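Reviewing the structure listed below.
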Amino acid sequence: MARKKLPLILGTAAAAAMIVPRLRNGARGRSGPAPASKTWRGRITSHETFTHDSLDSLGYDWERIADPAMGPRYPFKIYLPQDTEDIVRAVREAKSLGERLTVRSKGHSSNDLVVAEGGAVLVTEKLSRVLNLDEAGMTVTAQAGAVSAEVDDWLWTKGYGLPVIGDHNHITIGGFASVGGISPASHRFGLFVDNVEALEYVDWDGNLIRCSRAEHPRQFFRVLTGYGQHGVIATMTCRIIQIDKYRTILENHQTHYRNVESFIEGSGRYIVDPGDALYERGVWFDFALKGGRALTLGQFSTYHATEQTSLVSARQRAAYGYLHRIGYLAGRLPPKMDRMLKYLGSTGVLFSPRYATIKNIEFFTDKILDSTVGDPTRMLITLAPLDRYPELFRDSYQLMREFRERYHCFTFISVYVKSIHSPYMAQGSAADQFCELMFYLGIEPKGMTDAVLDELVARFDDICIKHGGFRYMHTKTAKDPERRRQVDPNAFYALRELEAVPAD
């Protein structure tokens with residue numbers, strides 16, 4: 001007998017009770033995958049050629065992905081706190097010595113935010129514990145250096161998950177909150193910061209501040225997306241949902257496009273009205289060919305509830321087993337074979353499997369494409385009001401094509417698009433619907449000089465400002481403080497007058 005189709009509305013207790021049967025003692029049985037630290041994190045990474053967990057990594061940020069030949073900028077002093085008291089000691093010591101303290105988790109930023117050549121760096125590596133699970137309040141509290149994938153896997157053993165999670169296996173919750181945090185579920189759950197309920201941070205005077213949406217909200221909102229400007233996040237309390245990300249399989253309804261205007265029109269419909277899609281994402285690829293020609297192709301995927309049958313499970317395991325094998329091998333083979341694997345992985349993104357577990361949807365591209373394989377790559381990200389999506393796409397995409405033709409600085413252009421429902425970015429207004437355009441660009445080093453990059457970033461900022469948008473501030477922006485203020489989603493909160501808060 002065929003199983004009935006389940007009304008999967010993730011995040012609601014009723015649907016979770018059907019989709020996520022939990023044992024009476026609150027723990028899961030032994031069947032199912034091991035935690036991310038023993039499976040995905042240990043076996044597949046989006047950059048095989050280097051590791052975050054080394055002293056050498058402290059001299060670099062994500063800029064190395066765009067410029068593999070760049071030299072290191074090593075700090076002179078490293079603080080490695082393990083608890084909040086250690087953070088207070090480190091901040092007060094740095095202040096007494098007149099030093100500027102740079103905060104760093106895994107070094108994913110490429111906007112001169114996490115590297116301090118000859119200076120002092122506070123590394124959140126050992127601030128990695130889950131502190132409390134409040135099942136009644138549906139929140140989890142963890143230290144800021146905890147990797148979101150590992151927190152999510154710990155929650156899985158209890159029958160829960162994070163609504164929004166980083167798509168990279170080293171993204172910490174503190175780092176994610178410092179820039180915003182986007183996922184394929186952001187059209188429902190918003191940014192990661194929209195799901196933070198409370199936090200503790202140490203300001204630059206060494207005071208411990210506890211704040212939340214209800215208690216000292218001005219301090220609370222200014223620290224979110226603050227990329228370390230206002231202090232060091234120590235702990236964070238985040239919303240959780242009842243969900244089984246490893247076992248729940250969704251069906252991918254995907255549409256393909258050969259023409260950029262048809263992609264803009266088609267993806268725009270899905271972004272504006274996702275219907276009952278539980279997860280969604282789109283991508284447009286533009287590969288440069290000889291003779292000035294280009295191969296272009298786009299697709300948009302929306303993921304919906306489907307029957308949880310053994311056949312569906314087998315199909316998704318086979319498809320993702322193949323794709324994940326590509327991701328695992330990338331970076332481990334001779335350069336020419338690695339490049340071929342990257343093209344195969346890109347094809348897997350464009351023609352993604354029909355069925356996917358929620359975990360595979362969340363980590364899709366980073367488990368298939370290695371950023372250090374093939375051409376160097378750079379990300380430029382903009383977030384803008386939803387009604388500006390068509391014009392924003394045309395203007396920014398045309399900019400990238402112009403630079404490729406003028407400077408021969410790109411080998412390929414790709415654009416990943418998502419919809420975002422974010423009260424945080426709305427900044428108090430009723431217009432809380434936004435779109436994300438993430439340009440993932442193949443770099444030709446000879447053409448991408450410092451002067452070309454500066455011009456590109458300045459003009460990309462201009463387009464963002466023109467459409468009333470924001471930049472994702474851990475990607476490259478103009479250095480001028482006034483221009484950065486115009487594209488920084490944190491500026492609205494940072495400039496507001498703060499009330500006095502009793503310090504601990």
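Chain labels run A, B, ... following the order of the structure tokens; each chain numbers its residues from 1, and ligands are numbered from 1 in the order shown.
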
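Look at Thr225 (chain A): the protein and nucleic acid residues within 7 Å of it, using only C-alpha atoms and passing over chain neighbours fewer than 6 places away, are Ala177, Ser178, Val179, Gly180 and Asn490 of chain A.
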
Restricted to N, CA and C atoms, what would the selected residues look like written as a compact mmCIF listing (two decimals), in the first residue's frame?
# COMPACT_ATOMS: atom_id res chain seq x y z
N ALA A 177 26.37 35.16 12.76
CA ALA A 177 25.59 36.28 13.29
C ALA A 177 26.27 37.61 13.01
N SER A 178 27.58 37.62 12.88
CA SER A 178 28.32 38.86 12.65
C SER A 178 28.14 39.41 11.25
N VAL A 179 27.64 38.57 10.31
CA VAL A 179 27.43 39.06 8.94
C VAL A 179 25.98 38.95 8.48
N GLY A 180 25.15 38.14 9.15
CA GLY A 180 23.74 38.04 8.79
C GLY A 180 23.27 36.60 8.72
N ASN A 490 24.22 46.97 9.31
CA ASN A 490 24.39 47.24 10.73
C ASN A 490 24.39 48.73 11.04

DSSP strand (DSSP E) residues within region 229-276 of chain A, as a PDB file with N, CA and C atoms, in the first residue's frame:
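Result went into states.pdb, see below:
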ATOM      1  N   VAL A 232      33.113  41.440  21.470  1.00  0.00           N
ATOM      2  CA  VAL A 232      33.296  40.012  21.211  1.00  0.00           C
ATOM      3  C   VAL A 232      32.067  39.251  21.691  1.00  0.00           C
ATOM      4  N   ILE A 233      31.363  38.592  20.777  1.00  0.00           N
ATOM      5  CA  ILE A 233      30.221  37.772  21.175  1.00  0.00           C
ATOM      6  C   ILE A 233      30.745  36.556  21.935  1.00  0.00           C
ATOM      7  N   ALA A 234      30.153  36.316  23.108  1.00  0.00           N
ATOM      8  CA  ALA A 234      30.580  35.191  23.949  1.00  0.00           C
ATOM      9  C   ALA A 234      29.628  34.004  23.826  1.00  0.00           C
ATOM     10  N   THR A 235      28.335  34.254  24.011  1.00  0.00           N
ATOM     11  CA  THR A 235      27.339  33.186  23.900  1.00  0.00           C
ATOM     12  C   THR A 235      26.140  33.710  23.131  1.00  0.00           C
ATOM     13  N   MET A 236      25.351  32.776  22.616  1.00  0.00           N
ATOM     14  CA  MET A 236      24.211  33.154  21.802  1.00  0.00           C
ATOM     15  C   MET A 236      23.084  32.156  22.017  1.00  0.00           C
ATOM     16  N   THR A 237      21.867  32.678  22.120  1.00  0.00           N
ATOM     17  CA  THR A 237      20.677  31.842  22.246  1.00  0.00           C
ATOM     18  C   THR A 237      19.879  31.959  20.963  1.00  0.00           C
ATOM     19  N   CYS A 238      19.635  30.806  20.309  1.00  0.00           N
ATOM     20  CA  CYS A 238      19.019  30.781  18.988  1.00  0.00           C
ATOM     21  C   CYS A 238      17.742  29.958  19.002  1.00  0.00           C
ATOM     22  N   ARG A 239      16.810  30.318  18.150  1.00  0.00           N
ATOM     23  CA  ARG A 239      15.590  29.538  17.980  1.00  0.00           C
ATOM     24  C   ARG A 239      15.915  28.184  17.343  1.00  0.00           C
ATOM     25  N   ILE A 241      13.843  24.451  15.689  1.00  0.00           N
ATOM     26  CA  ILE A 241      12.594  23.884  15.196  1.00  0.00           C
ATOM     27  C   ILE A 241      12.667  22.363  15.325  1.00  0.00           C
ATOM     28  N   GLN A 242      11.507  21.722  15.412  1.00  0.00           N
ATOM     29  CA  GLN A 242      11.463  20.268  15.390  1.00  0.00           C
ATOM     30  C   GLN A 242      11.570  19.812  13.939  1.00  0.00           C
ATOM     31  N   ILE A 249      12.978  13.742   3.269  1.00  0.00           N
ATOM     32  CA  ILE A 249      13.337  13.943   1.864  1.00  0.00           C
ATOM     33  C   ILE A 249      12.292  14.836   1.208  1.00  0.00           C
ATOM     34  N   LEU A 250      12.766  15.803   0.441  1.00  0.00           N
ATOM     35  CA  LEU A 250      11.889  16.711  -0.293  1.00  0.00           C
ATOM     36  C   LEU A 250      12.079  16.495  -1.791  1.00  0.00           C
ATOM     37  N   GLU A 251      11.079  16.907  -2.547  1.00  0.00           N
ATOM     38  CA  GLU A 251      11.139  16.766  -4.001  1.00  0.00           C
ATOM     39  C   GLU A 251      11.499  18.098  -4.637  1.00  0.00           C
ATOM     40  N   ASN A 252      12.454  18.032  -5.543  1.00  0.00           N
ATOM     41  CA  ASN A 252      12.958  19.212  -6.229  1.00  0.00           C
ATOM     42  C   ASN A 252      12.153  19.468  -7.502  1.00  0.00           C
ATOM     43  N   HIS A 253      11.425  20.585  -7.529  1.00  0.00           N
ATOM     44  CA  HIS A 253      10.750  21.025  -8.745  1.00  0.00           C
ATOM     45  C   HIS A 253      11.660  22.072  -9.391  1.00  0.00           C
ATOM     46  N   GLN A 254      12.334  21.712 -10.450  1.00  0.00           N
ATOM     47  CA  GLN A 254      13.302  22.643 -11.033  1.00  0.00           C
ATOM     48  C   GLN A 254      12.924  23.027 -12.456  1.00  0.00           C
ATOM     49  N   THR A 255      13.268  24.253 -12.792  1.00  0.00           N
ATOM     50  CA  THR A 255      13.026  24.797 -14.121  1.00  0.00           C
ATOM     51  C   THR A 255      14.352  25.290 -14.683  1.00  0.00           C
ATOM     52  N   HIS A 256      14.607  25.054 -15.972  1.00  0.00           N
ATOM     53  CA  HIS A 256      15.862  25.459 -16.595  1.00  0.00           C
ATOM     54  C   HIS A 256      15.623  26.581 -17.603  1.00  0.00           C
ATOM     55  N   TYR A 257      16.666  27.395 -17.790  1.00  0.00           N
ATOM     56  CA  TYR A 257      16.561  28.578 -18.642  1.00  0.00           C
ATOM     57  C   TYR A 257      17.840  28.710 -19.462  1.00  0.00           C
TER      58      TYR A 257
END

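Closest approach to Leu341 (chain A) from the set A:Arg394, A:Leu369, A:Tyr320, A:Pro75 is made by A:Leu369, with distances taken over only C-alpha atoms.
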
Note to self: I need the residues in region 434-476 of chain A that are helix (DSSP H, G or I) according to DSSP; give them as a PyMOL selection string.
What the structure shows: chain A and resi 450-466

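Taking CA of Trp156 (chain A) as the reference point, CA of Gly174 (chain A) is found at 20.1 Å.
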
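In this comparison, which uses only C-alpha atoms, the residue of A:Leu122, A:Ala384, A:Leu80, A:Leu289 approaching Phe412 (chain A) most closely is A:Leu289.
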
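We find CA of His216 (chain A) and CA of Trp204 (chain A) to be spaced 17.5 Å apart.
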
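Proximity to region 467-470 of chain A at 9 Å, evaluated using only C-alpha atoms and with sequence-adjacent residues fewer than 3 positions away removed, yields A:Ile381, A:Thr382, A:Leu383, A:Ala384, A:Pro385, A:Arg388, A:Tyr389, A:Glu391, A:Leu392, A:Met425, A:Phe434, A:Asp461, A:Asp462, A:Ile463, A:Cys464, A:Met473, A:Gln486, A:Val487, A:Asp488, A:Pro489.
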
Just-selected residues, C-alpha atoms written as a PDB file, in the first residue's frame:
ATOM      1  CA  ILE A 381      27.044  39.587  -2.464  1.00  0.00           C
ATOM      2  CA  THR A 382      24.240  42.112  -2.417  1.00  0.00           C
ATOM      3  CA  LEU A 383      20.892  42.086  -0.586  1.00  0.00           C
ATOM      4  CA  ALA A 384      18.139  44.376  -1.856  1.00  0.00           C
ATOM      5  CA  PRO A 385      14.388  44.941  -1.586  1.00  0.00           C
ATOM      6  CA  ARG A 388      14.234  45.612  -7.137  1.00  0.00           C
ATOM      7  CA  TYR A 389      15.252  42.080  -8.132  1.00  0.00           C
ATOM      8  CA  GLU A 391      16.743  45.701 -12.224  1.00  0.00           C
ATOM      9  CA  LEU A 392      19.346  44.686  -9.641  1.00  0.00           C
ATOM     10  CA  MET A 425      17.002  44.107   7.364  1.00  0.00           C
ATOM     11  CA  PHE A 434      14.494  40.973   0.165  1.00  0.00           C
ATOM     12  CA  ASP A 461      28.543  49.224  -4.344  1.00  0.00           C
ATOM     13  CA  ASP A 462      27.048  51.959  -6.531  1.00  0.00           C
ATOM     14  CA  ILE A 463      24.512  49.484  -7.946  1.00  0.00           C
ATOM     15  CA  CYS A 464      23.654  48.311  -4.457  1.00  0.00           C
ATOM     16  CA  MET A 473      29.960  42.905   4.559  1.00  0.00           C
ATOM     17  CA  GLN A 486      25.532  53.286   3.015  1.00  0.00           C
ATOM     18  CA  VAL A 487      25.694  49.559   2.221  1.00  0.00           C
ATOM     19  CA  ASP A 488      26.142  48.208   5.762  1.00  0.00           C
ATOM     20  CA  PRO A 489      22.928  46.703   7.261  1.00  0.00           C
TER      21      PRO A 489
END

Margin query: Using only C-alpha atoms for the distances, tell me which of A:Arg332, A:Ala294, A:Ser267, A:Ala451 is nearest to Phe393 (chain A).
Written below: A:Ser267

Check: By how many Å are CA of His170 (chain A) and CA of Asp152 (chain A) apart?
Finding: 12.5 Å

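Nearest-residue note for Pro445 (chain A): choosing from A:Met337, A:Cys409, A:Ala144, A:Val121, the minimum distance belongs to A:Cys409, counting only C-alpha atoms.
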
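Each of A:Leu441, A:Ala430, A:Ala356, A:Leu224 was compared to Asp375 (chain A) using only C-alpha atoms, and A:Leu441 turns out to be the nearest.
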
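Shortest atom-to-atom contact with Glu150 (chain A) among A:Ile271, A:Val130, A:Cys435, A:Ala458: A:Val130, counting only C-alpha atoms.
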
Notebook entry, point to check: Within 9 Å of Asp432 (chain A), counting only C-alpha atoms, which residues qualify if same-chain residues fewer than 6 places away don't, as a PyMOL selection string?
Noted result: chain A and resi 385-386+420-426

File of the preceding selection, N, CA and C atoms, as a compact mmCIF listing (two decimals), in the first residue's frame:
# COMPACT_ATOMS: atom_id res chain seq x y z
N PRO A 385 15.84 45.15 -1.64
CA PRO A 385 14.39 44.94 -1.59
C PRO A 385 13.91 44.06 -2.73
N LEU A 386 12.95 43.21 -2.43
CA LEU A 386 12.51 42.19 -3.39
C LEU A 386 12.02 42.80 -4.69
N ILE A 420 14.50 36.34 0.74
CA ILE A 420 14.73 36.48 2.18
C ILE A 420 13.59 37.27 2.81
N HIS A 421 13.03 36.72 3.87
CA HIS A 421 12.04 37.42 4.68
C HIS A 421 12.75 37.84 5.96
N SER A 422 13.11 39.13 6.09
CA SER A 422 13.96 39.56 7.20
C SER A 422 13.50 40.83 7.88
N PRO A 423 12.87 40.71 9.06
CA PRO A 423 12.57 41.91 9.86
C PRO A 423 13.83 42.67 10.24
N TYR A 424 14.95 41.97 10.42
CA TYR A 424 16.18 42.67 10.79
C TYR A 424 16.59 43.65 9.70
N MET A 425 16.62 43.21 8.46
CA MET A 425 17.00 44.11 7.36
C MET A 425 15.95 45.17 7.11
N ALA A 426 14.70 44.88 7.48
CA ALA A 426 13.64 45.87 7.28
C ALA A 426 13.84 47.08 8.16
